[in-house]
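Take a look at the structure below.
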Amino acid sequence: MFDKNLIDLSVMSTEQIDKIIRKAKKIMQSPADYRHACDGKILATLFYEPSTRTQMSFQTAMLKLGGRTIGFDNPMNSSVSKGESLKDTITIVGEYADIIAIRHPVEGTAAAASLYAGVPVINCGDGGHLHPTQTLADIITLSCEKGRLDNLRVGVCGDLLNGRTVHSLIKTLAKYPNNSFVLISTKELSVPLYVIDILEKNGCKYEISHSLADAITDLDVLYMTRIQRERFASEEDYQAQKNVFVLDKEKLDKAREDMIILHPLPRVNEITVDIDDDPRALYFKQAQYGMYGRMALILLLLQDDEFFVENRPFVVSNHHCNNPKCITQQEPYLPNLSYEKLGMVMCGYCDKRID
Ligand code: NCD
């Protein structure tokens, strides 16, 4: 099944992903050529969760393409506050806009929205699950700055349990040959099992580390992340985890000269500010690349008939997802969508195993 929704970058073929990167590079070279590419088109940004970069870079991307934007960044200012269902909001916005970018605190929401939109839906983050357009920013940065998306030794550090950017990035880089991963976190915040399954299925080497100082010595890329305070059950749990991994000058001195430091931002204090001027610190540039990636994505989704996203073969089944963080728990009318992976039944919204 093919469609025009970007819910999970890793379900796309590497050819299609490379097509987005190539388009982004072309736009970077001559942005003026694209000034009217989306004249008359409307992007809706529906942000049910806070955002700076993702929302504004999507809006800027559409404006730079000649289109316009509508939307909200606080659902309490929309009819959501009156109890409107996701289905009804999306059905209506799909009538107004040509393309929808949605962020939501609940896992699987973008997939659910894509059932009712009638126009392309882009996942801008669904709870702790995925964040495919951040991954686009990450891999465009890797392609431009390291010159490749394969043969990389990537350290990911911080909140690997709740960090959706990490899940999307690992799933996507696992598709390219010879990438290996060093997963640096506390035991409590280690990557979910489904991500480990993907690494193993793709034959990717990975190591688990609890020490940034040890792991940093032999990396091509260090991907730092924020501890996701808003996803913790209690403030006490968060306090126990914050500041465990901080990249400072002393640790950076142990890294290779050609290692690059990425971070999806916002930074809290996991990278000390004195590192910002180090030539290896590319996190602000990464955010710039992200905007070009989003321009490329909007263009391809709206205008290129040869560009599609290959979705998993979902079936409507009797299996109801039990993940308390899944959108199916909140929007009871949603059909039970599932798919099979390695003999297991997985939820078509949040990708968790259904027993
Ligand atoms: C990330 C997110 O929202 O998941 N931010 C972003 O979009 N660049 C990372 C984070 O919030 O920690």
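How things are named: the first chain in the structure tokens is A, the next is B, and so on; residues count from 1 in each chain; ligands count from 1 in the order shown.
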
(request) Residues up to 6 Å from ligand 1, counting only C-alpha atoms and all ligand atoms: could you list those as a PyMOL selection string? (result) chain A and resi 53-54+164-165+226+264-266

For stretch 75-133 of chain A against stretch 61-66 of chain A, with a cut-off of 12 Å and counting only C-alpha atoms, what is the closest atom pair and its distance in Å to one decimal for every residue that makes the cut, ordered by chain and number, as CSV?
```
residue,atom,partner,partner_atom,distance
A:Asp98,CA,A:Met62,CA,11.3
A:Ile99,CA,A:Met62,CA,10.3
A:Ile100,CA,A:Met62,CA,11.4
A:Ala101,CA,A:Met62,CA,11.1
```

Preceding selection exported with N, CA and C atoms as a PDB file, in the first residue's frame:
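again.pdb, written as the output of this step:
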```pdb
ATOM      1  N   ASP A  98      -4.224  21.890   2.244  1.00  0.00           N
ATOM      2  CA  ASP A  98      -3.734  20.917   1.251  1.00  0.00           C
ATOM      3  C   ASP A  98      -2.804  19.895   1.884  1.00  0.00           C
ATOM      4  N   ILE A  99      -2.297  20.210   3.076  1.00  0.00           N
ATOM      5  CA  ILE A  99      -1.342  19.321   3.741  1.00  0.00           C
ATOM      6  C   ILE A  99      -1.367  19.670   5.237  1.00  0.00           C
ATOM      7  N   ILE A 100      -1.218  18.655   6.075  1.00  0.00           N
ATOM      8  CA  ILE A 100      -1.329  18.870   7.527  1.00  0.00           C
ATOM      9  C   ILE A 100      -0.051  18.393   8.220  1.00  0.00           C
ATOM     10  N   ALA A 101       0.490  19.237   9.090  1.00  0.00           N
ATOM     11  CA  ALA A 101       1.617  18.836   9.951  1.00  0.00           C
ATOM     12  C   ALA A 101       1.086  18.790  11.374  1.00  0.00           C
TER      13      ALA A 101
END
```

(message) Show me, as a count of residues only, the residues that have an atom within 9 Å of stretch 324-339 of chain A when counting only C-alpha atoms, minus same-chain residues fewer than 3 positions from it.
(response) 31

(request) From stretch 230-340 of chain A, collect each residue whose DSSP state is helix (DSSP H, G or I) and return the set as a ChimeraX atom specification. (result) /A:230-231,235-241,249-252,273-275,283-303,327-329

(message) I'd like the contact shell of stretch 203-216 of chain A - 7 Å cut-off, only C-alpha atoms, skipping same-chain residues fewer than 3 positions apart - returned as number ranges by chain.
(response) A: 174, 178-186, 199-200, 219, 245, 251, 254-255

(message) Calculated over only C-alpha atoms, which of the candidates A:Val121, A:Ile227, A:Leu302, A:Ala113 has the smallest distance to A:Gly67?
(response) A:Leu302

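Atom pair atom CA of A:Leu299 / atom CA of A:Ala37: separated by 7.5 Å.
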
(message) Show me, as a PyMOL selection string, the residues that have an atom within 9 Å of A:Gln55 when counting only C-alpha atoms, minus same-chain residues fewer than 5 positions from it.
(response) chain A and resi 45-47+50+60+73+101-103+124

(request) Show which residues sit within 12 Å of A:Ile170, as number ranges by chain. Count only C-alpha atoms, and ignore same-chain residues fewer than 2 positions away. (result) A: 8-10, 130-132, 134-135, 138-139, 149, 152-156, 160, 163-168, 172-176, 179-183, 191-192, 194-200, 202, 204-206, 223

For the selection you just gave me, I'd like the residues written to a file as a compact mmCIF listing (two decimals), in the first residue's frame, keeping N, CA and C atoms.
```
# COMPACT_ATOMS: atom_id res chain seq x y z
N ASP A 8 6.23 7.59 9.54
CA ASP A 8 7.44 6.92 10.01
C ASP A 8 8.42 6.89 8.84
N LEU A 9 9.50 7.66 8.94
CA LEU A 9 10.45 7.75 7.82
C LEU A 9 11.03 6.39 7.47
N SER A 10 11.16 5.53 8.49
CA SER A 10 11.88 4.28 8.25
C SER A 10 11.09 3.28 7.41
N LEU A 130 7.61 8.65 17.61
CA LEU A 130 8.45 8.97 16.45
C LEU A 130 8.46 10.47 16.14
N HIS A 131 9.46 10.87 15.36
CA HIS A 131 9.57 12.28 14.93
C HIS A 131 10.32 12.28 13.60
N PRO A 132 9.65 11.85 12.54
CA PRO A 132 10.37 11.63 11.28
C PRO A 132 10.99 12.87 10.64
N GLN A 134 12.32 15.37 12.21
CA GLN A 134 13.60 15.66 12.90
C GLN A 134 14.67 14.75 12.31
N THR A 135 14.28 13.51 12.04
CA THR A 135 15.25 12.59 11.44
C THR A 135 15.70 13.09 10.08
N ASP A 138 18.29 15.47 10.72
CA ASP A 138 19.51 14.78 11.18
C ASP A 138 20.27 14.17 9.99
N ILE A 139 19.53 13.50 9.11
CA ILE A 139 20.26 12.79 8.04
C ILE A 139 20.71 13.74 6.94
N LEU A 149 25.62 8.32 4.71
CA LEU A 149 24.65 7.86 5.71
C LEU A 149 24.93 6.42 6.10
N LEU A 152 28.71 4.57 9.66
CA LEU A 152 28.85 5.56 10.73
C LEU A 152 28.75 4.86 12.09
N ARG A 153 29.59 5.31 13.00
CA ARG A 153 29.47 4.83 14.38
C ARG A 153 28.82 5.96 15.17
N VAL A 154 27.57 5.71 15.56
CA VAL A 154 26.74 6.78 16.11
C VAL A 154 26.49 6.54 17.60
N GLY A 155 26.87 7.49 18.42
CA GLY A 155 26.54 7.43 19.85
C GLY A 155 25.26 8.22 20.08
N VAL A 156 24.27 7.61 20.72
CA VAL A 156 23.06 8.36 21.08
C VAL A 156 23.00 8.38 22.60
N LEU A 160 16.82 7.74 26.05
CA LEU A 160 16.61 6.88 24.89
C LEU A 160 15.26 6.16 24.97
N GLY A 163 12.72 9.54 24.14
CA GLY A 163 13.13 10.47 23.08
C GLY A 163 12.70 9.94 21.72
N ARG A 164 11.64 10.56 21.19
CA ARG A 164 11.12 10.08 19.90
C ARG A 164 12.10 10.33 18.75
N THR A 165 12.93 11.39 18.90
CA THR A 165 13.89 11.67 17.82
C THR A 165 14.89 10.52 17.70
N VAL A 166 15.24 9.95 18.85
CA VAL A 166 16.20 8.84 18.87
C VAL A 166 15.61 7.61 18.17
N HIS A 167 14.34 7.33 18.47
CA HIS A 167 13.71 6.14 17.88
C HIS A 167 13.66 6.27 16.36
N SER A 168 13.23 7.45 15.89
CA SER A 168 13.14 7.65 14.43
C SER A 168 14.53 7.57 13.80
N THR A 172 15.81 4.70 11.10
CA THR A 172 16.15 5.11 9.72
C THR A 172 17.60 4.76 9.40
N LEU A 173 18.53 5.06 10.29
CA LEU A 173 19.94 4.77 9.98
C LEU A 173 20.20 3.26 9.91
N ALA A 174 19.35 2.48 10.57
CA ALA A 174 19.52 1.02 10.52
C ALA A 174 19.28 0.47 9.11
N LYS A 175 18.66 1.27 8.27
CA LYS A 175 18.39 0.82 6.89
C LYS A 175 19.62 0.93 6.00
N TYR A 176 20.59 1.73 6.42
CA TYR A 176 21.79 1.95 5.58
C TYR A 176 22.90 1.02 6.06
N ASN A 179 26.07 0.77 9.65
CA ASN A 179 26.00 1.74 10.75
C ASN A 179 25.98 0.97 12.06
N SER A 180 26.70 1.49 13.05
CA SER A 180 26.66 0.84 14.37
C SER A 180 26.34 1.90 15.42
N PHE A 181 25.82 1.44 16.54
CA PHE A 181 25.29 2.37 17.53
C PHE A 181 25.86 2.11 18.92
N VAL A 182 26.15 3.18 19.63
CA VAL A 182 26.48 3.07 21.04
C VAL A 182 25.34 3.76 21.79
N LEU A 183 24.61 2.97 22.57
CA LEU A 183 23.39 3.47 23.23
C LEU A 183 23.77 3.88 24.66
N VAL A 191 16.74 2.30 25.46
CA VAL A 191 15.81 2.29 24.31
C VAL A 191 14.75 1.19 24.48
N PRO A 192 13.54 1.45 23.97
CA PRO A 192 12.50 0.42 24.06
C PRO A 192 12.90 -0.84 23.29
N TYR A 194 11.38 -2.60 21.19
CA TYR A 194 11.04 -2.69 19.77
C TYR A 194 12.14 -2.06 18.90
N VAL A 195 12.86 -1.09 19.47
CA VAL A 195 13.96 -0.47 18.71
C VAL A 195 15.15 -1.45 18.65
N ILE A 196 15.40 -2.14 19.76
CA ILE A 196 16.46 -3.16 19.76
C ILE A 196 16.13 -4.25 18.74
N ASP A 197 14.86 -4.66 18.68
CA ASP A 197 14.44 -5.67 17.69
C ASP A 197 14.79 -5.22 16.27
N ILE A 198 14.57 -3.93 16.02
CA ILE A 198 14.85 -3.41 14.67
C ILE A 198 16.35 -3.47 14.38
N LEU A 199 17.16 -3.10 15.38
CA LEU A 199 18.62 -3.16 15.18
C LEU A 199 19.04 -4.59 14.87
N GLU A 200 18.48 -5.51 15.62
CA GLU A 200 18.87 -6.92 15.42
C GLU A 200 18.38 -7.44 14.08
N ASN A 202 17.99 -5.82 11.43
CA ASN A 202 18.80 -5.24 10.35
C ASN A 202 20.28 -5.63 10.46
N CYS A 204 22.42 -4.73 12.69
CA CYS A 204 23.28 -3.60 13.09
C CYS A 204 24.00 -3.94 14.39
N LYS A 205 25.26 -3.61 14.43
CA LYS A 205 26.00 -3.78 15.69
C LYS A 205 25.57 -2.68 16.66
N TYR A 206 25.44 -3.03 17.93
CA TYR A 206 25.18 -1.98 18.93
C TYR A 206 25.80 -2.36 20.26
N TYR A 223 24.96 12.01 19.22
CA TYR A 223 23.61 12.59 19.19
C TYR A 223 23.12 12.73 20.63
```

(message) Can you tell me which residues surround A:Met224 at a distance of at most 7 Å, considering only C-alpha atoms, apart from same-chain residues fewer than 5 positions away, and format the answer as a count of residues only?
(response) 5

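Nearest to A:Ala44 of all the residues A:Leu193, A:Ile260, A:Ala24, A:Ile298 is A:Ile298, based on only C-alpha atoms.
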
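Among the candidates A:Thr69, A:Asp3, A:Ile275, A:Thr52, the residue lying nearest to A:Ala287 is A:Thr52 (atoms considered: only C-alpha atoms).
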
(request) Determine which residues of stretch 187-222 of chain A DSSP labels as strand (DSSP E or B) from the backbone of this structure, then write them out as number ranges by chain. (result) A: 206-209, 221-222

Resulting file, chosen residues, all heavy atoms, as a short mmCIF file (atom, residue, chain, number, x, y, z; two decimals), in the first residue's frame:
```cif
data_model
loop_
_atom_site.label_atom_id
_atom_site.label_comp_id
_atom_site.auth_asym_id
_atom_site.auth_seq_id
_atom_site.Cartn_x
_atom_site.Cartn_y
_atom_site.Cartn_z
N TYR A 206 25.44 -3.03 17.93
CA TYR A 206 25.18 -1.98 18.93
C TYR A 206 25.80 -2.36 20.26
O TYR A 206 25.99 -3.53 20.56
CB TYR A 206 23.67 -1.72 19.08
CG TYR A 206 22.89 -2.86 19.67
CD1 TYR A 206 22.66 -2.94 21.05
CD2 TYR A 206 22.37 -3.87 18.87
CE1 TYR A 206 21.94 -4.00 21.60
CE2 TYR A 206 21.65 -4.93 19.41
CZ TYR A 206 21.44 -4.98 20.76
OH TYR A 206 20.73 -6.03 21.31
N GLU A 207 26.17 -1.34 21.00
CA GLU A 207 26.71 -1.54 22.36
C GLU A 207 25.90 -0.69 23.31
O GLU A 207 25.39 0.36 22.92
CB GLU A 207 28.15 -1.02 22.44
CG GLU A 207 29.15 -1.82 21.64
CD GLU A 207 30.40 -0.98 21.36
OE1 GLU A 207 30.81 -0.18 22.23
OE2 GLU A 207 30.93 -1.10 20.25
N ILE A 208 25.81 -1.15 24.54
CA ILE A 208 25.11 -0.37 25.55
C ILE A 208 26.16 0.21 26.49
O ILE A 208 27.08 -0.50 26.90
CB ILE A 208 24.10 -1.26 26.30
CG1 ILE A 208 22.99 -1.61 25.30
CG2 ILE A 208 23.56 -0.59 27.56
CD1 ILE A 208 21.98 -2.59 25.76
N SER A 209 26.07 1.50 26.76
CA SER A 209 27.08 2.13 27.63
C SER A 209 26.38 2.98 28.69
O SER A 209 25.31 3.55 28.44
CB SER A 209 28.00 3.01 26.78
OG SER A 209 28.77 3.84 27.61
N VAL A 221 29.64 10.28 15.18
CA VAL A 221 28.54 11.21 15.50
C VAL A 221 28.15 11.00 16.96
O VAL A 221 28.01 9.86 17.40
CB VAL A 221 27.29 10.89 14.64
CG1 VAL A 221 26.18 11.90 14.90
CG2 VAL A 221 27.61 10.80 13.16
N LEU A 222 27.96 12.10 17.67
CA LEU A 222 27.37 12.00 19.01
C LEU A 222 26.05 12.75 18.98
O LEU A 222 26.00 13.95 18.69
CB LEU A 222 28.29 12.62 20.07
CG LEU A 222 27.68 12.69 21.47
CD1 LEU A 222 27.34 11.31 22.02
CD2 LEU A 222 28.63 13.42 22.45
#
```

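Atom CA of A:Lys341 is found 28.0 Å from atom CA of A:Ala137.
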
(request) Using atom CA of A:Gly94 and atom CA of A:Ala117 as the two end points, give the distance in Å to one decimal. (result) 4.7 Å

(request) Compare A:Gly125, A:Pro279, A:Pro177, A:Pro120 by their minimum atom-to-atom distance to A:Asn162, counting only C-alpha atoms, and give me the closest one. (result) A:Gly125

(request) Return the single residue from A:Leu297, A:Ala240, A:Met291, A:Ile42 that is closest to A:Met56, with distances computed using only C-alpha atoms. (result) A:Met291
